[in-house]
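Visitor: What follows is a single structure, and I will ask about it in a moment.
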Amino acid sequence: MIVCSCAVISARDIEHAVVEIMSAPQALLPTPGVVFRHLNKKMNCCTCAPLTVATIYNAMDRLQADTRVCPFILAEARAKLIRLEERQQARTAMVAARRAELGLPRRVA
Ligand code: FES
């Protein structure tokens with residue numbers, strides 16, 4: 001299944017990238033940006049970001065089930081990803097509140 005039509009990235013490409021990233025000795029947090037950089041691709045419109053995140057989570061679940069990567073590293077990475085998402089949602093809510101305060105129209109995503 002194609003996840004990103006701009007960069008032509010499949011779910012399988014993302015899963016392979018997550019396995020390689022999480023198997024590295026100094027594993028980076030597999031954010032969409034890190035995964036795209038690992039694949040030597042660049043996000044263009046970012047429409048695929050939610051699907052990319054879901055695919056990354058699925059890949060991490062599969063890795064945990066396969067026990068190919070230390071479960072503690074996976075749990076730590078998952079917690080960091082959740083914190084990043086929460087911060088992003090808080091920032092989006094803050095911007096929306098500020099726009100409403102200023103009487104500006106809501107942004108359409
Ligand atoms: S669909 Fe992925 S960057 Fe456009």
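Chain identifiers are assigned as A, B, and so on, following the order in which chains appear in the structure tokens; residues are numbered from 1 within each chain, and ligands are numbered from 1 in order of appearance.
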List every residue of chain A that has an atom at most 6 Å from any atom of ligand 1, giving for each one its closest atom pair and the distance in Å to one decimal, counting only C-alpha atoms and all ligand atoms, sorted by chain and then by ascending residue number, as a tab-separated table.

Guide:
```
residue	atom	partner	partner_atom_place_in_ligand_line	distance
A:Cys4	CA	ligand 1	2 (Fe)	3.8
A:Ser5	CA	ligand 1	1 (S)	4.6
A:Cys6	CA	ligand 1	4 (Fe)	4.3
A:Met43	CA	ligand 1	3 (S)	3.9
A:Asn44	CA	ligand 1	3 (S)	3.9
A:Cys45	CA	ligand 1	4 (Fe)	3.9
A:Cys46	CA	ligand 1	3 (S)	4.2
A:Thr47	CA	ligand 1	1 (S)	4.9
A:Cys48	CA	ligand 1	2 (Fe)	4.3
```

Visitor: Can those selected residues be exported to a file as a short mmCIF file (atom, residue, chain, number, x, y, z; two decimals), in the first residue's frame so that it contains N, CA and C atoms?

Guide:
```cif
data_model
loop_
_atom_site.label_atom_id
_atom_site.label_comp_id
_atom_site.auth_asym_id
_atom_site.auth_seq_id
_atom_site.Cartn_x
_atom_site.Cartn_y
_atom_site.Cartn_z
N CYS A 4 2.68 7.41 1.01
CA CYS A 4 2.98 8.77 0.55
C CYS A 4 3.03 8.77 -0.97
N SER A 5 2.08 9.46 -1.56
CA SER A 5 2.05 9.48 -3.02
C SER A 5 3.04 10.51 -3.58
N CYS A 6 3.39 11.51 -2.81
CA CYS A 6 4.37 12.51 -3.29
C CYS A 6 5.75 11.87 -3.46
N MET A 43 9.28 15.00 2.62
CA MET A 43 7.84 15.24 2.63
C MET A 43 7.55 16.49 1.83
N ASN A 44 6.49 16.43 1.06
CA ASN A 44 6.13 17.58 0.25
C ASN A 44 4.89 18.26 0.80
N CYS A 45 3.74 17.60 0.72
CA CYS A 45 2.49 18.23 1.14
C CYS A 45 2.10 17.86 2.57
N CYS A 46 2.70 16.83 3.13
CA CYS A 46 2.46 16.33 4.50
C CYS A 46 1.06 15.77 4.71
N THR A 47 0.31 15.56 3.66
CA THR A 47 -1.02 14.96 3.78
C THR A 47 -0.93 13.55 4.35
N CYS A 48 0.17 12.89 4.09
CA CYS A 48 0.33 11.50 4.51
C CYS A 48 0.80 11.37 5.95
#
```

Visitor: Show which residues sit within 9 Å of stretch 28-38 of chain A, as a PyMOL selection string. Count only C-alpha atoms, and ignore same-chain residues fewer than 2 positions away.

Guide: chain A and resi 7+9+14+17-18+20-22+24+26+40-43+49+52-53+56+77-78+80-81

Visitor: I need the residues from that last selection saved to file as a CSV table (one decimal), in the first residue's frame (with C-alpha atoms), if you can.

Guide:
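Output saved as again-v7.csv:
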```csv
chain,number,residue,atom,x,y,z
A,7,ALA,CA,7.5,10.6,-2.4
A,9,ILE,CA,6.7,5.4,-0.2
A,14,ILE,CA,8.3,2.5,6.2
A,17,ALA,CA,13.0,1.8,7.7
A,18,VAL,CA,11.6,1.5,11.3
A,20,GLU,CA,16.6,-0.4,10.6
A,21,ILE,CA,16.3,2.7,12.7
A,22,MET,CA,15.2,0.8,15.8
A,24,ALA,CA,20.7,0.8,15.3
A,26,GLN,CA,21.9,4.7,19.0
A,40,ASN,CA,16.3,9.6,1.4
A,41,LYS,CA,12.9,11.1,0.7
A,42,LYS,CA,11.4,14.4,1.5
A,43,MET,CA,7.8,15.2,2.6
A,49,ALA,CA,1.6,12.4,8.0
A,52,THR,CA,2.7,7.6,8.2
A,53,VAL,CA,2.5,7.8,12.0
A,56,ILE,CA,5.2,3.6,12.2
A,77,ALA,CA,10.3,5.4,21.7
A,78,ARG,CA,6.5,4.9,21.9
A,80,LYS,CA,8.3,9.8,23.3
A,81,LEU,CA,6.1,9.7,20.2
```

Visitor: Between atom CA of A:Arg87 and atom CA of A:Glu15, what is the spacing in Å?

Guide: 24.8 Å

Visitor: Give me, as a VMD selection string, the residues of chain A that a backbone DSSP run labels alpha helix (DSSP H).

Guide: chain A and resid 11 to 23 32 to 38 49 to 66 71 to 101

Visitor: I'd like to know which of A:Ala59, A:Ala54, A:Leu104, A:Ala27 is closest to A:Asp13, using only C-alpha atoms.

Guide: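 Result for the nearest residue to A:Asp13: A:Ala59.
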
Visitor: Could you state the separation of atom CA of A:Gln88 and atom CA of A:Leu102 in Å, given to one decimal place?

Guide: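 Going from atom CA of A:Gln88 over to atom CA of A:Leu102 covers 21.1 Å.
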
Visitor: Give me, please, the distance in Å between atom CA of A:Ala65 and atom CA of A:His16, quoted to one decimal.

Guide: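 Between atom CA of A:Ala65 and atom CA of A:His16 the gap is 15.4 Å.
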
Visitor: Looking at only C-alpha atoms, which of A:Ala90, A:Tyr57, A:Arg12, A:Pro105 is the one that sits closest to A:Leu74?

Guide: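 Counting only C-alpha atoms, the residue closest to A:Leu74 is A:Tyr57.
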
Visitor: Of the residues A:Glu85, A:Met94, A:Glu76, A:Val8, which is the one nearest to A:Pro50, using only C-alpha atoms?

Guide: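 Result for the nearest residue to A:Pro50: A:Glu85.
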